[in-house]
Amino acid sequence: MANDRPRDPPDTASSPSATGQRAIDVTRLPSPLHLYLRALLSARKSARAQPLPPLAFERRNIALDANDIARYARLCGFSDAHGVPPTWPHLLAFPLHMLLMTDRAFPFAMLGMVHLANRIRQHTALAAGDRLDLDVRCGPLYAHDKGQVFTVLTTARRDGDVVWSGESLYLRTGVRDALGPAYRAELSANPSLAKAATWQVPGDLGRQYARVSGDYNPIHLWPMTAKLFGFPRPIIHGMWSFARTLAAVLPVDASRVDLLVEFKTPLLLPGEATLWRDSQSNVFELRDAAGTVPHLRGRWQATPSASSSINMFATDPT
C-alpha cells in the first residue's frame, strides 16, 4: 500500500514510465476505510490554484476476475454477451485514483469534488482471466467558472500493449484564478432524442454499488451521511448511471469503443430515471422521471478516435 507521499513507502516500488515520470508500484491496496480517512484528512488543504505534482501510481498483473465482473455486470444491467464491460477497468483503477487525490502532494481536497466527465477508449476486447498493468497519473488542468478542473489519467496494458485508457475530469469548486484553458462541455442538449426506457432506482443502490466498486463515498450510502454534504437523500454514483446507460445502448459486439460522458445533475435515491437516445447518432441522455432534467449526456463510437487526449473538453485559450 502507498503512504501519503511517494517516499519509499513500505509496500511500493518506483519504476519509470514511458514519459520518464516515475510511478509508485502499489503492491497492496489500502482498505476503503483507510482511503476515506485519507480523504477526510485532505479537507484541510487550501483552495488556491496550483499546478499538479508529478504523481503516478501503478498496479501490475491485476487479474480480471470472472466472479467480480459478473456481480458488477448484473448490478449495471450488462448481459453475458457484453463480456467485460468497458467501464470495469475504471473500477480497478479507482483505488489508485484515491491514492493520488489524497496524497499530501496533491493540492486539492478530495471530499466535495464534482465528477464532471469521463472519456474511455477501449482498443481491443478484454476477457475474464486477462491480466492488466494499470498506471494512474495527473493530467491537464482546465479553468471553470466555478473553480479548478483537473484530470486523472488511467492507462491499462496487457502484455505491454495499451488496451484501455481513461480520463476522468473533476471540479474543485471555490478555487479562484483557476489554471489552464477554459473548460467547456462537448455535448449539448439534443431535442431529437426519444424516450427508450424507464428505470426504478432503489434506495440501497449506492450501498450495493459501493460493495462491488469500492467507492464508499458517504454521499452515496445513507440519508444521514448524504445530508452532511448537502444532499436531501443519497445520490447514486455517476459511474453506475454511465454503466447502466451503456448496458442499454452498446451492441454486444462493440469490443473497440470510444465513450464520452458528461455528468449534469445528481440522481437521488430512491428515484426514477428515463433513458433517451438517438440510435442514428449514438448519443444518449439519462434524465429525471419527467424527462426534462438530464443526469448525464453521453455518446459512443465504435472505434476509438486517433486523438490521444481528452482536450475536446477544453476551448482554445487564444
# chains A, B, ... in the order shown; residues from 1 in each chain; ligands from 1
call {"tool": "residues_around", "arguments": {"residues": "Arg172 of chain A", "least_positions_apart": "3", "cutoff": "10 Å", "atoms": "only C-alpha atoms", "output": "compact mmCIF listing (two decimals) with N, CA, C and O atoms, in the first residue's frame"}}
result
# COMPACT_ATOMS: atom_id res chain seq x y z
N ALA A 47 -7.65 26.12 -0.89
CA ALA A 47 -8.43 26.13 -2.13
C ALA A 47 -7.82 27.10 -3.14
O ALA A 47 -8.52 27.81 -3.85
N ARG A 48 -6.49 27.13 -3.22
CA ARG A 48 -5.85 28.02 -4.19
C ARG A 48 -5.38 27.22 -5.40
O ARG A 48 -5.04 26.03 -5.30
N ALA A 49 -5.38 27.88 -6.54
CA ALA A 49 -4.97 27.23 -7.78
C ALA A 49 -3.48 26.91 -7.74
O ALA A 49 -2.67 27.75 -7.36
N PHE A 108 -5.47 19.62 -3.93
CA PHE A 108 -6.89 19.88 -3.68
C PHE A 108 -7.50 18.83 -2.75
O PHE A 108 -7.13 17.65 -2.79
N ALA A 109 -8.44 19.27 -1.92
CA ALA A 109 -9.18 18.35 -1.05
C ALA A 109 -10.08 17.46 -1.89
O ALA A 109 -10.70 17.91 -2.85
N MET A 110 -10.18 16.19 -1.50
CA MET A 110 -10.95 15.26 -2.31
C MET A 110 -12.44 15.34 -2.03
O MET A 110 -13.26 15.34 -2.96
N LEU A 111 -12.83 15.39 -0.76
CA LEU A 111 -14.25 15.40 -0.43
C LEU A 111 -14.90 16.66 -0.99
O LEU A 111 -14.36 17.76 -0.86
N GLY A 112 -16.07 16.48 -1.60
CA GLY A 112 -16.77 17.61 -2.18
C GLY A 112 -16.42 17.86 -3.63
O GLY A 112 -16.99 18.76 -4.26
N MET A 113 -15.50 17.07 -4.19
CA MET A 113 -15.21 17.23 -5.62
C MET A 113 -16.41 16.82 -6.46
O MET A 113 -17.18 15.94 -6.09
N VAL A 114 -16.56 17.46 -7.60
CA VAL A 114 -17.64 17.16 -8.54
C VAL A 114 -17.06 16.41 -9.73
O VAL A 114 -16.11 16.90 -10.37
N HIS A 115 -17.61 15.24 -10.02
CA HIS A 115 -17.17 14.47 -11.17
C HIS A 115 -17.86 15.07 -12.40
O HIS A 115 -19.07 14.97 -12.56
N HIS A 144 -12.58 26.64 -14.86
CA HIS A 144 -14.04 26.55 -14.84
C HIS A 144 -14.57 27.76 -14.10
O HIS A 144 -13.92 28.28 -13.19
N LYS A 146 -16.65 27.89 -11.91
CA LYS A 146 -16.91 27.57 -10.51
C LYS A 146 -15.67 27.10 -9.76
O LYS A 146 -15.75 26.77 -8.58
N GLY A 147 -14.53 27.02 -10.44
CA GLY A 147 -13.33 26.57 -9.76
C GLY A 147 -12.33 25.95 -10.70
O GLY A 147 -12.25 26.30 -11.88
N GLN A 148 -11.57 24.98 -10.18
CA GLN A 148 -10.48 24.34 -10.93
C GLN A 148 -10.87 22.94 -11.36
O GLN A 148 -11.31 22.11 -10.55
N VAL A 149 -10.71 22.65 -12.64
CA VAL A 149 -10.90 21.29 -13.16
C VAL A 149 -9.54 20.64 -13.32
O VAL A 149 -8.59 21.26 -13.81
N PHE A 150 -9.42 19.41 -12.87
CA PHE A 150 -8.19 18.65 -13.06
C PHE A 150 -8.52 17.29 -13.64
O PHE A 150 -9.66 16.81 -13.57
N VAL A 175 -12.11 27.44 -6.13
CA VAL A 175 -10.73 27.82 -6.43
C VAL A 175 -10.75 29.06 -7.34
O VAL A 175 -11.36 29.04 -8.41
N ALA A 178 -8.33 30.00 -11.56
CA ALA A 178 -8.01 28.64 -11.98
C ALA A 178 -7.05 28.62 -13.16
O ALA A 178 -7.05 29.53 -14.01
call {"tool": "select_by_dssp", "arguments": {"residues": "segment 52-153 of chain A", "states": "strand (DSSP E or B)", "output": "PDB file with N, CA, C and O atoms, in the first residue's frame"}}
result
ATOM      1  N   ALA A  56       2.277   9.628  -9.776  1.00  0.00           N
ATOM      2  CA  ALA A  56       1.848   8.500 -10.597  1.00  0.00           C
ATOM      3  C   ALA A  56       1.885   7.238  -9.746  1.00  0.00           C
ATOM      4  O   ALA A  56       2.817   7.027  -8.971  1.00  0.00           O
ATOM      5  N   PHE A  57       0.869   6.409  -9.897  1.00  0.00           N
ATOM      6  CA  PHE A  57       0.784   5.137  -9.192  1.00  0.00           C
ATOM      7  C   PHE A  57       0.471   4.042 -10.198  1.00  0.00           C
ATOM      8  O   PHE A  57      -0.215   4.270 -11.198  1.00  0.00           O
ATOM      9  N   GLU A  58       0.957   2.846  -9.907  1.00  0.00           N
ATOM     10  CA  GLU A  58       0.671   1.728 -10.797  1.00  0.00           C
ATOM     11  C   GLU A  58       0.433   0.450 -10.001  1.00  0.00           C
ATOM     12  O   GLU A  58       0.929   0.287  -8.883  1.00  0.00           O
ATOM     13  N   ARG A  59      -0.361  -0.432 -10.590  1.00  0.00           N
ATOM     14  CA  ARG A  59      -0.529  -1.799 -10.095  1.00  0.00           C
ATOM     15  C   ARG A  59      -0.289  -2.747 -11.255  1.00  0.00           C
ATOM     16  O   ARG A  59      -0.728  -2.488 -12.373  1.00  0.00           O
ATOM     17  N   ARG A  60       0.396  -3.823 -10.964  1.00  0.00           N
ATOM     18  CA  ARG A  60       0.756  -4.749 -12.029  1.00  0.00           C
ATOM     19  C   ARG A  60       0.066  -6.095 -11.852  1.00  0.00           C
ATOM     20  O   ARG A  60      -0.258  -6.505 -10.744  1.00  0.00           O
ATOM     21  N   ASN A  61      -0.134  -6.754 -13.003  1.00  0.00           N
ATOM     22  CA  ASN A  61      -0.595  -8.140 -13.020  1.00  0.00           C
ATOM     23  C   ASN A  61      -1.936  -8.303 -12.301  1.00  0.00           C
ATOM     24  O   ASN A  61      -2.123  -9.225 -11.500  1.00  0.00           O
ATOM     25  N   ILE A  62      -2.878  -7.415 -12.588  1.00  0.00           N
ATOM     26  CA  ILE A  62      -4.209  -7.478 -11.971  1.00  0.00           C
ATOM     27  C   ILE A  62      -5.093  -8.390 -12.802  1.00  0.00           C
ATOM     28  O   ILE A  62      -5.310  -8.154 -13.996  1.00  0.00           O
ATOM     29  N   ALA A  63      -5.624  -9.429 -12.175  1.00  0.00           N
ATOM     30  CA  ALA A  63      -6.475 -10.372 -12.888  1.00  0.00           C
ATOM     31  C   ALA A  63      -7.878  -9.813 -13.061  1.00  0.00           C
ATOM     32  O   ALA A  63      -8.441  -9.201 -12.147  1.00  0.00           O
ATOM     33  N   VAL A 114     -16.558  17.459  -7.601  1.00  0.00           N
ATOM     34  CA  VAL A 114     -17.642  17.159  -8.536  1.00  0.00           C
ATOM     35  C   VAL A 114     -17.059  16.415  -9.730  1.00  0.00           C
ATOM     36  O   VAL A 114     -16.109  16.900 -10.366  1.00  0.00           O
ATOM     37  N   HIS A 115     -17.606  15.243 -10.015  1.00  0.00           N
ATOM     38  CA  HIS A 115     -17.171  14.470 -11.174  1.00  0.00           C
ATOM     39  C   HIS A 115     -17.860  15.067 -12.402  1.00  0.00           C
ATOM     40  O   HIS A 115     -19.071  14.966 -12.561  1.00  0.00           O
ATOM     41  N   LEU A 116     -17.075  15.690 -13.293  1.00  0.00           N
ATOM     42  CA  LEU A 116     -17.643  16.388 -14.444  1.00  0.00           C
ATOM     43  C   LEU A 116     -17.822  15.500 -15.659  1.00  0.00           C
ATOM     44  O   LEU A 116     -18.849  15.575 -16.346  1.00  0.00           O
ATOM     45  N   ALA A 117     -16.824  14.700 -15.978  1.00  0.00           N
ATOM     46  CA  ALA A 117     -16.860  13.980 -17.246  1.00  0.00           C
ATOM     47  C   ALA A 117     -15.885  12.817 -17.225  1.00  0.00           C
ATOM     48  O   ALA A 117     -14.955  12.775 -16.412  1.00  0.00           O
ATOM     49  N   ASN A 118     -16.105  11.881 -18.144  1.00  0.00           N
ATOM     50  CA  ASN A 118     -15.215  10.735 -18.315  1.00  0.00           C
ATOM     51  C   ASN A 118     -15.098  10.402 -19.790  1.00  0.00           C
ATOM     52  O   ASN A 118     -16.091  10.449 -20.526  1.00  0.00           O
ATOM     53  N   ARG A 119     -13.891  10.059 -20.186  1.00  0.00           N
ATOM     54  CA  ARG A 119     -13.630   9.575 -21.543  1.00  0.00           C
ATOM     55  C   ARG A 119     -12.957   8.222 -21.416  1.00  0.00           C
ATOM     56  O   ARG A 119     -11.978   8.061 -20.672  1.00  0.00           O
ATOM     57  N   ILE A 120     -13.481   7.233 -22.127  1.00  0.00           N
ATOM     58  CA  ILE A 120     -12.920   5.879 -22.109  1.00  0.00           C
ATOM     59  C   ILE A 120     -12.663   5.454 -23.541  1.00  0.00           C
ATOM     60  O   ILE A 120     -13.527   5.615 -24.416  1.00  0.00           O
ATOM     61  N   ARG A 121     -11.475   4.915 -23.767  1.00  0.00           N
ATOM     62  CA  ARG A 121     -11.163   4.298 -25.059  1.00  0.00           C
ATOM     63  C   ARG A 121     -10.721   2.858 -24.807  1.00  0.00           C
ATOM     64  O   ARG A 121      -9.721   2.630 -24.134  1.00  0.00           O
ATOM     65  N   GLN A 122     -11.482   1.930 -25.344  1.00  0.00           N
ATOM     66  CA  GLN A 122     -11.095   0.519 -25.266  1.00  0.00           C
ATOM     67  C   GLN A 122     -10.651   0.099 -26.659  1.00  0.00           C
ATOM     68  O   GLN A 122     -11.423   0.163 -27.613  1.00  0.00           O
ATOM     69  N   ARG A 131      -4.769 -10.338 -17.582  1.00  0.00           N
ATOM     70  CA  ARG A 131      -4.038  -9.645 -16.524  1.00  0.00           C
ATOM     71  C   ARG A 131      -3.554  -8.300 -17.062  1.00  0.00           C
ATOM     72  O   ARG A 131      -2.956  -8.240 -18.139  1.00  0.00           O
ATOM     73  N   LEU A 132      -3.848  -7.253 -16.307  1.00  0.00           N
ATOM     74  CA  LEU A 132      -3.562  -5.891 -16.742  1.00  0.00           C
ATOM     75  C   LEU A 132      -2.572  -5.223 -15.805  1.00  0.00           C
ATOM     76  O   LEU A 132      -2.533  -5.512 -14.611  1.00  0.00           O
ATOM     77  N   ASP A 133      -1.796  -4.303 -16.375  1.00  0.00           N
ATOM     78  CA  ASP A 133      -0.992  -3.363 -15.605  1.00  0.00           C
ATOM     79  C   ASP A 133      -1.661  -2.000 -15.714  1.00  0.00           C
ATOM     80  O   ASP A 133      -1.917  -1.524 -16.828  1.00  0.00           O
ATOM     81  N   LEU A 134      -1.959  -1.388 -14.566  1.00  0.00           N
ATOM     82  CA  LEU A 134      -2.651  -0.105 -14.533  1.00  0.00           C
ATOM     83  C   LEU A 134      -1.700   0.997 -14.110  1.00  0.00           C
ATOM     84  O   LEU A 134      -0.913   0.834 -13.175  1.00  0.00           O
ATOM     85  N   ASP A 135      -1.806   2.128 -14.789  1.00  0.00           N
ATOM     86  CA  ASP A 135      -0.998   3.311 -14.486  1.00  0.00           C
ATOM     87  C   ASP A 135      -1.951   4.494 -14.334  1.00  0.00           C
ATOM     88  O   ASP A 135      -2.787   4.740 -15.211  1.00  0.00           O
ATOM     89  N   VAL A 136      -1.847   5.221 -13.216  1.00  0.00           N
ATOM     90  CA  VAL A 136      -2.708   6.376 -12.927  1.00  0.00           C
ATOM     91  C   VAL A 136      -1.823   7.566 -12.619  1.00  0.00           C
ATOM     92  O   VAL A 136      -0.892   7.452 -11.802  1.00  0.00           O
ATOM     93  N   ARG A 137      -2.088   8.708 -13.246  1.00  0.00           N
ATOM     94  CA  ARG A 137      -1.268   9.894 -13.034  1.00  0.00           C
ATOM     95  C   ARG A 137      -2.078  11.163 -13.285  1.00  0.00           C
ATOM     96  O   ARG A 137      -3.192  11.112 -13.799  1.00  0.00           O
ATOM     97  N   CYS A 138      -1.503  12.294 -12.895  1.00  0.00           N
ATOM     98  CA  CYS A 138      -2.151  13.592 -13.079  1.00  0.00           C
ATOM     99  C   CYS A 138      -2.112  13.994 -14.552  1.00  0.00           C
ATOM    100  O   CYS A 138      -1.125  13.750 -15.251  1.00  0.00           O
ATOM    101  N   GLY A 139      -3.202  14.640 -14.994  1.00  0.00           N
ATOM    102  CA  GLY A 139      -3.296  15.126 -16.362  1.00  0.00           C
ATOM    103  C   GLY A 139      -3.489  16.636 -16.412  1.00  0.00           C
ATOM    104  O   GLY A 139      -3.154  17.344 -15.459  1.00  0.00           O
ATOM    105  N   PRO A 140      -4.078  17.144 -17.502  1.00  0.00           N
ATOM    106  CA  PRO A 140      -4.187  18.593 -17.689  1.00  0.00           C
ATOM    107  C   PRO A 140      -5.143  19.264 -16.703  1.00  0.00           C
ATOM    108  O   PRO A 140      -6.052  18.636 -16.141  1.00  0.00           O
ATOM    109  N   LEU A 141      -4.937  20.568 -16.532  1.00  0.00           N
ATOM    110  CA  LEU A 141      -5.817  21.432 -15.756  1.00  0.00           C
ATOM    111  C   LEU A 141      -6.668  22.276 -16.707  1.00  0.00           C
ATOM    112  O   LEU A 141      -6.208  22.676 -17.778  1.00  0.00           O
ATOM    113  N   TYR A 142      -7.911  22.560 -16.287  1.00  0.00           N
ATOM    114  CA  TYR A 142      -8.801  23.433 -17.039  1.00  0.00           C
ATOM    115  C   TYR A 142      -9.455  24.425 -16.090  1.00  0.00           C
ATOM    116  O   TYR A 142      -9.756  24.090 -14.935  1.00  0.00           O
ATOM    117  N   ALA A 143      -9.691  25.620 -16.582  1.00  0.00           N
ATOM    118  CA  ALA A 143     -10.344  26.654 -15.786  1.00  0.00           C
ATOM    119  C   ALA A 143     -11.856  26.550 -15.960  1.00  0.00           C
ATOM    120  O   ALA A 143     -12.361  26.401 -17.077  1.00  0.00           O
ATOM    121  N   HIS A 144     -12.577  26.636 -14.856  1.00  0.00           N
ATOM    122  CA  HIS A 144     -14.044  26.553 -14.844  1.00  0.00           C
ATOM    123  C   HIS A 144     -14.571  27.764 -14.101  1.00  0.00           C
ATOM    124  O   HIS A 144     -13.916  28.283 -13.189  1.00  0.00           O
ATOM    125  N   GLY A 147     -14.531  27.015 -10.440  1.00  0.00           N
ATOM    126  CA  GLY A 147     -13.327  26.571  -9.760  1.00  0.00           C
ATOM    127  C   GLY A 147     -12.333  25.945 -10.703  1.00  0.00           C
ATOM    128  O   GLY A 147     -12.248  26.299 -11.878  1.00  0.00           O
ATOM    129  N   GLN A 148     -11.567  24.983 -10.182  1.00  0.00           N
ATOM    130  CA  GLN A 148     -10.484  24.343 -10.926  1.00  0.00           C
ATOM    131  C   GLN A 148     -10.870  22.940 -11.360  1.00  0.00           C
ATOM    132  O   GLN A 148     -11.305  22.112 -10.550  1.00  0.00           O
ATOM    133  N   VAL A 149     -10.713  22.646 -12.643  1.00  0.00           N
ATOM    134  CA  VAL A 149     -10.905  21.292 -13.163  1.00  0.00           C
ATOM    135  C   VAL A 149      -9.536  20.638 -13.316  1.00  0.00           C
ATOM    136  O   VAL A 149      -8.592  21.259 -13.814  1.00  0.00           O
ATOM    137  N   PHE A 150      -9.422  19.409 -12.866  1.00  0.00           N
ATOM    138  CA  PHE A 150      -8.190  18.648 -13.057  1.00  0.00           C
ATOM    139  C   PHE A 150      -8.520  17.286 -13.638  1.00  0.00           C
ATOM    140  O   PHE A 150      -9.658  16.812 -13.566  1.00  0.00           O
ATOM    141  N   THR A 151      -7.515  16.665 -14.221  1.00  0.00           N
ATOM    142  CA  THR A 151      -7.695  15.398 -14.922  1.00  0.00           C
ATOM    143  C   THR A 151      -6.882  14.300 -14.249  1.00  0.00           C
ATOM    144  O   THR A 151      -5.738  14.527 -13.843  1.00  0.00           O
ATOM    145  N   VAL A 152      -7.473  13.114 -14.134  1.00  0.00           N
ATOM    146  CA  VAL A 152      -6.763  11.912 -13.711  1.00  0.00           C
ATOM    147  C   VAL A 152      -6.734  10.959 -14.904  1.00  0.00           C
ATOM    148  O   VAL A 152      -7.786  10.599 -15.442  1.00  0.00           O
ATOM    149  N   LEU A 153      -5.536  10.580 -15.322  1.00  0.00           N
ATOM    150  CA  LEU A 153      -5.335   9.732 -16.493  1.00  0.00           C
ATOM    151  C   LEU A 153      -5.067   8.293 -16.059  1.00  0.00           C
ATOM    152  O   LEU A 153      -4.279   8.057 -15.150  1.00  0.00           O
TER     153      LEU A 153
END
call {"tool": "closest_residue", "arguments": {"among": "A:Pro89, A:Pro30, A:Pro294, A:Gly203", "to": "Gly166 of chain A", "atoms": "only C-alpha atoms"}}
result
A:Pro89
call {"tool": "residues_around", "arguments": {"residues": "Trp88 of chain A", "least_positions_apart": "2", "cutoff": "12 Å", "atoms": "only C-alpha atoms", "output": "PyMOL selection string"}}
result
chain A and resi 63-66+68-73+76+78+82-86+90-94+120+122+126-128+132+156+164-166+212-213+239-240+242-243+246
call {"tool": "closest_residue", "arguments": {"among": "A:Arg38, A:His123, A:Arg297, A:Arg157", "to": "Ala254 of chain A", "atoms": "only C-alpha atoms"}}
result
A:His123
call {"tool": "select_by_dssp", "arguments": {"residues": "segment 220-282 of chain A", "states": "helix (DSSP H, G or I)", "output": "list of chain:residue names"}}
result
A:His220, A:Pro223, A:Met224, A:Thr225, A:Ala226, A:Lys227, A:Gly238, A:Met239, A:Trp240, A:Ser241, A:Phe242, A:Ala243, A:Arg244, A:Thr245, A:Leu246, A:Ala247, A:Ala248, A:Val249
call {"tool": "write_last_selection", "arguments": {"atoms": "N, CA, C and O atoms", "output": "short mmCIF file (atom, residue, chain, number, x, y, z; two decimals), in the first residue's frame"}}
result
data_model
loop_
_atom_site.label_atom_id
_atom_site.label_comp_id
_atom_site.auth_asym_id
_atom_site.auth_seq_id
_atom_site.Cartn_x
_atom_site.Cartn_y
_atom_site.Cartn_z
N HIS A 220 -23.25 8.60 -1.12
CA HIS A 220 -23.97 7.55 -1.83
C HIS A 220 -24.64 6.53 -0.92
O HIS A 220 -25.35 5.66 -1.41
N PRO A 223 -29.09 8.33 4.09
CA PRO A 223 -29.65 9.69 4.15
C PRO A 223 -28.88 10.60 5.10
O PRO A 223 -28.62 11.77 4.77
N MET A 224 -28.48 10.08 6.25
CA MET A 224 -27.79 10.93 7.22
C MET A 224 -26.44 11.40 6.69
O MET A 224 -26.09 12.59 6.81
N THR A 225 -25.67 10.49 6.10
CA THR A 225 -24.35 10.88 5.60
C THR A 225 -24.47 11.76 4.36
O THR A 225 -23.64 12.65 4.16
N ALA A 226 -25.50 11.55 3.55
CA ALA A 226 -25.70 12.42 2.38
C ALA A 226 -26.05 13.84 2.82
O ALA A 226 -25.57 14.82 2.22
N LYS A 227 -26.86 13.98 3.89
CA LYS A 227 -27.26 15.31 4.35
C LYS A 227 -26.07 16.09 4.89
O LYS A 227 -26.06 17.33 4.82
N GLY A 238 -22.12 8.42 -10.23
CA GLY A 238 -22.23 8.75 -11.64
C GLY A 238 -21.77 7.62 -12.54
O GLY A 238 -22.33 7.39 -13.61
N MET A 239 -20.75 6.87 -12.11
CA MET A 239 -20.24 5.79 -12.95
C MET A 239 -21.21 4.61 -13.00
O MET A 239 -21.18 3.84 -13.97
N TRP A 240 -22.09 4.46 -12.00
CA TRP A 240 -23.17 3.46 -12.15
C TRP A 240 -24.14 3.93 -13.22
O TRP A 240 -24.54 3.15 -14.09
N SER A 241 -24.56 5.19 -13.16
CA SER A 241 -25.50 5.72 -14.15
C SER A 241 -24.94 5.57 -15.56
O SER A 241 -25.66 5.20 -16.50
N PHE A 242 -23.65 5.87 -15.71
CA PHE A 242 -23.00 5.73 -17.01
C PHE A 242 -23.00 4.28 -17.46
O PHE A 242 -23.38 3.96 -18.59
N ALA A 243 -22.60 3.37 -16.57
CA ALA A 243 -22.54 1.96 -16.92
C ALA A 243 -23.93 1.41 -17.24
O ALA A 243 -24.11 0.66 -18.21
N ARG A 244 -24.94 1.80 -16.44
CA ARG A 244 -26.31 1.31 -16.69
C ARG A 244 -26.80 1.77 -18.05
O ARG A 244 -27.48 1.02 -18.76
N THR A 245 -26.45 2.99 -18.42
CA THR A 245 -26.86 3.51 -19.72
C THR A 245 -26.13 2.79 -20.85
O THR A 245 -26.74 2.42 -21.86
N LEU A 246 -24.83 2.58 -20.67
CA LEU A 246 -24.08 1.86 -21.70
C LEU A 246 -24.61 0.45 -21.90
O LEU A 246 -24.66 -0.05 -23.03
N ALA A 247 -25.01 -0.20 -20.81
CA ALA A 247 -25.55 -1.56 -20.92
C ALA A 247 -26.78 -1.59 -21.82
O ALA A 247 -27.04 -2.61 -22.47
N ALA A 248 -27.51 -0.48 -21.88
CA ALA A 248 -28.73 -0.42 -22.68
C ALA A 248 -28.48 0.01 -24.12
O ALA A 248 -29.29 -0.30 -25.01
N VAL A 249 -27.37 0.70 -24.38
CA VAL A 249 -27.18 1.26 -25.73
C VAL A 249 -26.06 0.61 -26.52
O VAL A 249 -26.06 0.68 -27.76
#
call {"tool": "residues_around", "arguments": {"residues": "Leu296 of chain A", "least_positions_apart": "6", "cutoff": "9 Å", "atoms": "only C-alpha atoms", "output": "PyMOL selection string"}}
result
chain A and resi 238+241-242+261-266+284-287
call {"tool": "closest_atom_pairs", "arguments": {"of": "segment 224-283 of chain A", "to": "segment 158-163 of chain A", "cutoff": "12 Å", "atoms": "only C-alpha atoms", "output": "CSV"}}
result
residue,atom,partner,partner_atom,distance
A:Ser255,CA,A:Val163,CA,10.6
A:Arg256,CA,A:Val163,CA,9.3
A:Val257,CA,A:Val163,CA,10.9
call {"tool": "atom_distance", "arguments": {"atom1": "atom CA of Ala302 of chain A", "atom2": "atom CA of Leu193 of chain A"}}
result
19.6 Å
call {"tool": "residues_around", "arguments": {"residues": "Ser281 of chain A", "least_positions_apart": "5", "cutoff": "10 Å", "atoms": "only C-alpha atoms", "output": "VMD selection string"}}
result
chain A and resid 193 299 to 301
call {"tool": "residues_around", "arguments": {"residues": "Ala194 of chain A", "least_positions_apart": "4", "cutoff": "7 Å", "atoms": "only C-alpha atoms", "output": "PyMOL selection string"}}
result
chain A and resi 276-278
call {"tool": "atom_distance", "arguments": {"atom1": "atom CA of Ser46 of chain A", "atom2": "atom CA of Arg176 of chain A"}}
result
11.2 Å
call {"tool": "closest_residue", "arguments": {"among": "A:Phe231, A:Val283, A:Asp177, A:Pro251", "to": "Leu267 of chain A", "atoms": "only C-alpha atoms"}}
result
A:Phe231
call {"tool": "closest_residue", "arguments": {"among": "A:Gly174, A:Thr154, A:Thr198, A:Asp204", "to": "Thr87 of chain A", "atoms": "only C-alpha atoms"}}
result
A:Thr154
call {"tool": "closest_residue", "arguments": {"among": "A:Arg74, A:Arg207, A:Lys45, A:His295", "to": "Ala189 of chain A", "atoms": "only C-alpha atoms"}}
result
A:His295
call {"tool": "atom_distance", "arguments": {"atom1": "atom CA of Pro51 of chain A", "atom2": "atom CA of Leu169 of chain A"}}
result
15.2 Å
